[in-house]
Amino acid sequence: MIKKGKVWMFGDEINTDLIFPHSAFRSSPEEQCRLCMSDNRPGWSGQVQKGDILIAGKNFGTGSSRPGAVVLKRLGLAGMAAESFNGLFFRNCIAYGFPALTVPGITKAFAEGDEAQIDFGKGTVTNLRTGEVFTGHKLAVEMLEILEADGIEGVLKQKGYIR
């Protein structure tokens, strides 16, 4: 599973309140996307293009169990790499079919607007501007299967458990 796209940079400690603000809870999926990161980067969601990639610092997705991965996926992001993730957020990424990879030190390798290629199977991220390749924690085969099925729901459909 390889994704390539324009990079958007975020720092450390981006919590679920920033990704999926409380004001978006009862909103339509479109409005939830519009409000994504609006408290710390107003207007950002309107600049994201389908296939873009998010690169973030340490402890991305800390906080509550809000399904921020769903919003990032609906926004059109192809996936992300971060120096580290909150455990629950990372599990939600995989469960909802949003590819995420842990790569310590990755924020030092990119500037916003660079183009990245992430190979989730090999656990590598390439900066296509500089040619530098960074290795992180590759995903388990089972995680890749879940991502390729577009999440846990897709796996359950493939196995005939749900329609």
# chains A, B, ... in the order shown; residues from 1 in each chain; ligands from 1
call {"tool": "residues_around", "arguments": {"residues": "stretch 98-110 of chain A", "least_positions_apart": "6", "cutoff": "6 Å", "atoms": "only C-alpha atoms", "output": "MDAnalysis selection string"}}
result
chainID A and resid 73 79:84 136:137
call {"tool": "closest_atom_pairs", "arguments": {"of": "stretch 91-151 of chain A", "to": "stretch 42-52 of chain A", "cutoff": "10 Å", "atoms": "only C-alpha atoms", "output": "Markdown table"}}
result
| residue | atom | partner | partner_atom | distance |
| --- | --- | --- | --- | --- |
| A:Gly113 | CA | A:Asp52 | CA | 9.6 |
| A:Glu115 | CA | A:Asp52 | CA | 8.7 |
| A:Ala116 | CA | A:Asp52 | CA | 8.9 |
call {"tool": "select_by_dssp", "arguments": {"residues": "stretch 52-142 of chain A", "states": "strand (DSSP E)", "output": "PDB file with N, CA and C atoms, in the first residue's frame"}}
result
ATOM      1  N   ILE A  53      -1.255  14.425   2.046  1.00  0.00           N
ATOM      2  CA  ILE A  53      -0.723  13.650   3.165  1.00  0.00           C
ATOM      3  C   ILE A  53      -0.451  14.578   4.341  1.00  0.00           C
ATOM      4  N   LEU A  54      -0.763  14.103   5.531  1.00  0.00           N
ATOM      5  CA  LEU A  54      -0.513  14.861   6.753  1.00  0.00           C
ATOM      6  C   LEU A  54       0.741  14.291   7.425  1.00  0.00           C
ATOM      7  N   ILE A  55       1.657  15.168   7.796  1.00  0.00           N
ATOM      8  CA  ILE A  55       2.846  14.800   8.568  1.00  0.00           C
ATOM      9  C   ILE A  55       2.755  15.551   9.895  1.00  0.00           C
ATOM     10  N   ALA A  56       2.885  14.822  11.002  1.00  0.00           N
ATOM     11  CA  ALA A  56       2.696  15.442  12.310  1.00  0.00           C
ATOM     12  C   ALA A  56       3.768  15.019  13.298  1.00  0.00           C
ATOM     13  N   GLY A  79      -3.519   9.647   3.763  1.00  0.00           N
ATOM     14  CA  GLY A  79      -2.943   8.994   4.921  1.00  0.00           C
ATOM     15  C   GLY A  79      -2.039   9.966   5.641  1.00  0.00           C
ATOM     16  N   MET A  80      -1.311   9.430   6.633  1.00  0.00           N
ATOM     17  CA  MET A  80      -0.448  10.308   7.408  1.00  0.00           C
ATOM     18  C   MET A  80       0.710   9.546   8.018  1.00  0.00           C
ATOM     19  N   ALA A  81       1.728  10.308   8.406  1.00  0.00           N
ATOM     20  CA  ALA A  81       2.836   9.796   9.203  1.00  0.00           C
ATOM     21  C   ALA A  81       3.049  10.782  10.341  1.00  0.00           C
ATOM     22  N   ALA A  82       3.348  10.247  11.514  1.00  0.00           N
ATOM     23  CA  ALA A  82       3.605  11.095  12.675  1.00  0.00           C
ATOM     24  C   ALA A  82       4.744  10.500  13.485  1.00  0.00           C
ATOM     25  N   ALA A 100      -2.049   5.161   8.607  1.00  0.00           N
ATOM     26  CA  ALA A 100      -1.208   5.969   9.485  1.00  0.00           C
ATOM     27  C   ALA A 100       0.051   5.175   9.820  1.00  0.00           C
ATOM     28  N   LEU A 101       1.163   5.889   9.869  1.00  0.00           N
ATOM     29  CA  LEU A 101       2.455   5.246  10.100  1.00  0.00           C
ATOM     30  C   LEU A 101       3.255   6.053  11.114  1.00  0.00           C
ATOM     31  N   THR A 102       3.858   5.361  12.073  1.00  0.00           N
ATOM     32  CA  THR A 102       4.717   6.011  13.059  1.00  0.00           C
ATOM     33  C   THR A 102       6.150   6.046  12.530  1.00  0.00           C
ATOM     34  N   GLU A 115       6.350  16.982  -1.419  1.00  0.00           N
ATOM     35  CA  GLU A 115       5.578  15.806  -1.819  1.00  0.00           C
ATOM     36  C   GLU A 115       6.183  14.598  -1.124  1.00  0.00           C
ATOM     37  N   ALA A 116       5.321  13.775  -0.539  1.00  0.00           N
ATOM     38  CA  ALA A 116       5.759  12.579   0.175  1.00  0.00           C
ATOM     39  C   ALA A 116       5.196  11.339  -0.480  1.00  0.00           C
ATOM     40  N   GLN A 117       5.938  10.270  -0.343  1.00  0.00           N
ATOM     41  CA  GLN A 117       5.446   8.946  -0.720  1.00  0.00           C
ATOM     42  C   GLN A 117       5.588   8.062   0.510  1.00  0.00           C
ATOM     43  N   ILE A 118       4.483   7.454   0.919  1.00  0.00           N
ATOM     44  CA  ILE A 118       4.496   6.574   2.082  1.00  0.00           C
ATOM     45  C   ILE A 118       4.193   5.160   1.629  1.00  0.00           C
ATOM     46  N   ASP A 119       5.090   4.243   1.971  1.00  0.00           N
ATOM     47  CA  ASP A 119       4.879   2.818   1.726  1.00  0.00           C
ATOM     48  C   ASP A 119       4.534   2.201   3.076  1.00  0.00           C
ATOM     49  N   THR A 124       8.117   2.942   5.139  1.00  0.00           N
ATOM     50  CA  THR A 124       9.026   4.007   4.704  1.00  0.00           C
ATOM     51  C   THR A 124       8.263   5.241   4.239  1.00  0.00           C
ATOM     52  N   VAL A 125       8.911   6.390   4.424  1.00  0.00           N
ATOM     53  CA  VAL A 125       8.397   7.662   3.927  1.00  0.00           C
ATOM     54  C   VAL A 125       9.515   8.314   3.140  1.00  0.00           C
ATOM     55  N   THR A 126       9.216   8.709   1.911  1.00  0.00           N
ATOM     56  CA  THR A 126      10.207   9.349   1.046  1.00  0.00           C
ATOM     57  C   THR A 126       9.808  10.791   0.802  1.00  0.00           C
ATOM     58  N   ASN A 127      10.755  11.700   0.996  1.00  0.00           N
ATOM     59  CA  ASN A 127      10.553  13.087   0.614  1.00  0.00           C
ATOM     60  C   ASN A 127      10.936  13.162  -0.860  1.00  0.00           C
ATOM     61  N   VAL A 133      14.870   9.036   2.396  1.00  0.00           N
ATOM     62  CA  VAL A 133      13.940   7.979   2.796  1.00  0.00           C
ATOM     63  C   VAL A 133      14.077   7.765   4.297  1.00  0.00           C
ATOM     64  N   PHE A 134      12.951   7.709   4.987  1.00  0.00           N
ATOM     65  CA  PHE A 134      12.912   7.529   6.428  1.00  0.00           C
ATOM     66  C   PHE A 134      12.127   6.268   6.739  1.00  0.00           C
ATOM     67  N   THR A 135      12.627   5.498   7.693  1.00  0.00           N
ATOM     68  CA  THR A 135      11.986   4.237   8.041  1.00  0.00           C
ATOM     69  C   THR A 135      11.320   4.347   9.396  1.00  0.00           C
TER      70      THR A 135
END
call {"tool": "residues_around", "arguments": {"residues": "A:Gly151", "least_positions_apart": "6", "cutoff": "10 Å", "atoms": "only C-alpha atoms", "output": "ChimeraX atom specification"}}
result
/A:92-99,143-145
